[in-house]
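A.B. asks: Have a look at this one.
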Amino acid sequence: MTRCLDESDIVMVEEGFTTKDVLENLLLEVDQTGNREPFFVADLEEVVKKHLRLLKALPRIKPFYALKCNRSKGVVQTLAGLGAGFSCANKTEMALVKSVGVPAERIICASPCKQLSLIKYAASQGVQLMTFDNEVELGKVARSHPSARMLLCLATDDSRSSTHLSIKFGATLKTCRHLLETAKEMKVEVVGISFHLGSSCPDPQIFTQSIADARLVFEMGAEVGYKMHLLDIGGGFPAFEESRGRFEETSAVVNSALDLYFPEGCGVEIMAELGRYYVDSAFTLAVNIVAKKEVTLDQVSSEDEDPGGKKSFVYHLNDGVYGSFGSVIFNNACPIPILHQKPSPDQRLHSSSFWGPTGDGLDRLAEGVDLPELHVGDWLVFENMGAYAVPPSASLSSGPPARIHYAMSRVAWEAVQLLWGKLLHTEEEEEEGRESACTPLSCGWEITDSLCAAPVFAPASIM
Ligand code: PLP
């Protein structure tokens with residue numbers, strides 16, 4: 001049975017709270033204890049809202065959460081309780097979702113090139129859904145997981161996305177027929193097609209192209225003798241805050257392309273594996289300045305040159321790229337701090353650079369940021385830090401990862417409990433072999449954009 005988050009793990013706050021309120025309270029506490037370690041505030045209500053928004057905007061899609069984006073316990077258990085599925089790339093991720101009781105039907109092993117031990121582990125856990133893009137992988141699966149149900153992963157045009165996965169993953173259209181024929185010879189069951197556009201895909205039309213390509217490969221599959229019935233459109237959806245309309249714009253393009261190439265009633269189920277969309281805006285990080293140095297002009301790089309004769313400062317923080325700022329390396333993020341103490345308008349600005357705590361030259365977070373002079377012990381706040389940033393365990397950075405304080409309003413918590421109750425009921429019915437009914441969500445959780453009115457509860461298991 002799927003387990004949800006425990007109430008004791010959450011800072012319960014008033015409805016309408018802001019992350020800033022929670023952060024302020026925590027900073028007050030921290031000032032009393034003197035513990036100046038970095039920490040996150042994770043607004044789980046934001047994750048819940050994202051899930052409901054997704055069900056409303058993309059009603060045909062079963063959402064799977066891509067754990068590689070952020071596998072913090074609060075996110076995993078909240079989404080598990082809401083009935084999302086999970087996309088895992090390794091054994092640790094699969095073990096994590098199994099440990100919160102997520103049934104194997106709600107898990108996909110979404111790496112097209114897997115270590116043999118991962119394939120065997122998936123088999124032992126009953127996880128059948130997997131991706132492939134080459135013959136060698138088919139051979140491994142045929143030998144070690146004969147009941148696997150495979151999705152052929154297509155290469156996409158990810159040239160404009162912030163990560164380029166098609167360099168290493170995905171079969172070209174030219175190779176698909178051969179791969180399908182080989183799978184047939186090896187008696188490997190191919191149930192559908194997957195693709196991933198790379199993170200933060202800026203052009204929704206690329207979804208249309210990839211969905212059209214998938215249609216072609218479904219036809220090839222039929223010619224080879226497969227009855228494929230599952231399309232996985234991967235991740236790449238924008239985090240909502242990047243610009244308010246972009247998620248809805250992308251969803252509209254995806255819905256139209258699905259209606260064109262995979263119309264309702266065609267017998268194909270649609271799933272997606274979203275990461276960034278769910279978590280980016282939910283996490284805010286607070287870090288402390290541990291050392292500071294004033295630099296003279298000849299010490300700063302040409303980019304930092306300051307002809308106006310202002311001072312320049314180098315600040316060392318207690319978190320860096322090997323800890324919570326992994327996104328600086330992963331997708332060239334350029335984190336800009338918000339000052340905890342607001343500067344007065346007449347304070348002079350100085351070119352400032354920020355470095356993590358290791359002696360590594362790569363551990364550079366930002367350069368040339370114009371800020372008033374800061375001091376050792378000051379707090380800096382970084383917003384939108386939920387995607388590809390939250391370190392899963394002790395990092396190279398020095399010491400334990402930043403602690404996460406989860407926050408949610410009581411009313412959102414009650415909505416999650418309601419949804420979780422329905423999920424458990426569905427799971428019980430399925431265990432007893434009864435057909436489960438999807439019940440409309442009516443949780444009475446009135447929030448600004450009345451999210452609760454539309455979504456329908458849809459646990460993400462794929463047949
Ligand atoms: N699915 C796969 C196979 C991925 O590799 C990734 C991220 O790299 C995702 C889903 C999540 O992508 P995003 O964070 O853009 O939603």
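Please note that chains go A, B, ... in the order of the structure tokens, that every chain numbers its residues from 1, and that ligands are numbered from 1 in the order shown.
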Kindly provide the residues of chain A that approach ligand 1 to within 6 Å, each paired with its closest atom pair and their distance in Å to one decimal, based on only C-alpha atoms and all ligand atoms, listed by chain and increasing number, as CSV.

C.D. replies:
```
residue,atom,partner,partner_atom_place_in_ligand_line,distance
A:Ala66,CA,ligand 1,10 (C),5.1
A:Cys69,CA,ligand 1,14 (O),5.8
A:Ala110,CA,ligand 1,3 (C),5.3
A:His196,CA,ligand 1,2 (C),5.9
A:Gly198,CA,ligand 1,15 (O),5.7
A:Ser199,CA,ligand 1,15 (O),3.2
A:Ser200,CA,ligand 1,15 (O),5.3
A:Gly234,CA,ligand 1,1 (N),4.9
A:Gly235,CA,ligand 1,16 (O),3.5
A:Gly236,CA,ligand 1,15 (O),3.4
A:Phe237,CA,ligand 1,16 (O),5.4
A:Glu273,CA,ligand 1,10 (C),4.6
A:Leu274,CA,ligand 1,16 (O),3.7
A:Gly275,CA,ligand 1,14 (O),3.6
A:Arg276,CA,ligand 1,14 (O),3.8
A:Tyr277,CA,ligand 1,16 (O),5.8
```

A.B. asks: Going by DSSP on the backbone, which bits of range 150-249 of chain A are strand (DSSP E or B)? Write them as a list in words, please.

C.D. replies: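 Written out, the strand (DSSP E or B) residues of range 150-249 of chain A are Met150, Leu151, Leu152, Cys153, Leu154, Ala171, Glu189, Val190, Val191, Gly192, Ile193, Ser194, Phe195, Leu230, Leu231 and Asp232 of chain A.
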
A.B. asks: Export N, CA and C atoms of the chosen residues as a JSON list (two decimals), in the first residue's frame?

C.D. replies:
```
[["chain", "number", "residue", "atom", "x", "y", "z"],
["A", 150, "MET", "N", 8.65, -3.29, -23.06],
["A", 150, "MET", "CA", 9.63, -2.28, -23.47],
["A", 150, "MET", "C", 9.00, -1.14, -24.27],
["A", 151, "LEU", "N", 9.57, 0.05, -24.05],
["A", 151, "LEU", "CA", 9.24, 1.21, -24.88],
["A", 151, "LEU", "C", 10.48, 1.54, -25.70],
["A", 152, "LEU", "N", 10.31, 1.67, -26.99],
["A", 152, "LEU", "CA", 11.42, 2.06, -27.85],
["A", 152, "LEU", "C", 11.61, 3.58, -27.74],
["A", 153, "CYS", "N", 12.80, 3.98, -27.28],
["A", 153, "CYS", "CA", 13.07, 5.40, -27.02],
["A", 153, "CYS", "C", 13.59, 6.08, -28.30],
["A", 154, "LEU", "N", 12.89, 7.11, -28.76],
["A", 154, "LEU", "CA", 13.28, 7.81, -30.00],
["A", 154, "LEU", "C", 14.17, 9.00, -29.69],
["A", 171, "ALA", "N", 16.81, 6.25, -30.42],
["A", 171, "ALA", "CA", 17.05, 5.66, -31.74],
["A", 171, "ALA", "C", 16.55, 6.61, -32.81],
["A", 189, "GLU", "N", 8.87, -8.16, -25.61],
["A", 189, "GLU", "CA", 7.58, -7.50, -25.81],
["A", 189, "GLU", "C", 7.77, -5.98, -25.90],
["A", 190, "VAL", "N", 7.46, -5.39, -27.04],
["A", 190, "VAL", "CA", 7.55, -3.92, -27.17],
["A", 190, "VAL", "C", 6.12, -3.38, -27.10],
["A", 191, "VAL", "N", 5.84, -2.55, -26.07],
["A", 191, "VAL", "CA", 4.46, -2.10, -25.87],
["A", 191, "VAL", "C", 4.24, -0.65, -26.30],
["A", 192, "GLY", "N", 5.32, 0.04, -26.66],
["A", 192, "GLY", "CA", 5.10, 1.43, -27.08],
["A", 192, "GLY", "C", 6.38, 2.18, -27.35],
["A", 193, "ILE", "N", 6.23, 3.50, -27.39],
["A", 193, "ILE", "CA", 7.32, 4.41, -27.78],
["A", 193, "ILE", "C", 7.49, 5.46, -26.68],
["A", 194, "SER", "N", 8.74, 5.85, -26.46],
["A", 194, "SER", "CA", 8.99, 6.97, -25.54],
["A", 194, "SER", "C", 9.92, 7.97, -26.22],
["A", 195, "PHE", "N", 9.91, 9.19, -25.72],
["A", 195, "PHE", "CA", 10.93, 10.16, -26.13],
["A", 195, "PHE", "C", 11.08, 11.18, -25.01],
["A", 230, "LEU", "N", 1.15, 2.18, -25.76],
["A", 230, "LEU", "CA", 1.58, 3.15, -24.76],
["A", 230, "LEU", "C", 2.55, 4.16, -25.38],
["A", 231, "LEU", "N", 2.27, 5.45, -25.17],
["A", 231, "LEU", "CA", 3.18, 6.51, -25.63],
["A", 231, "LEU", "C", 3.63, 7.31, -24.41],
["A", 232, "ASP", "N", 4.95, 7.42, -24.27],
["A", 232, "ASP", "CA", 5.54, 8.17, -23.15],
["A", 232, "ASP", "C", 6.21, 9.42, -23.71]]
```

A.B. asks: Could you name the residues that touch range 327-331 of chain A at 10 Å or less, counting only C-alpha atoms, but leaving out those on the same chain fewer than 3 positions away, as a ChimeraX atom specification?

C.D. replies: /A:161-164,199-200,320-324,334-335,362-366,385-390

A.B. asks: Provide the CA of Leu349 in chain A to CA of Glu383 in chain A distance in Å, to one decimal place.

C.D. replies: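 Atom-to-atom, CA of Leu349 in chain A and CA of Glu383 in chain A are spaced 21.5 Å apart.
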
A.B. asks: Among the residues of range 207-428 of chain A, find those DSSP assigns to alpha helix (DSSP H) from the backbone and print them as a VMD selection string.

C.D. replies: chain A and resid 207 to 224 246 to 261 276 to 279 326 to 331 410 to 428
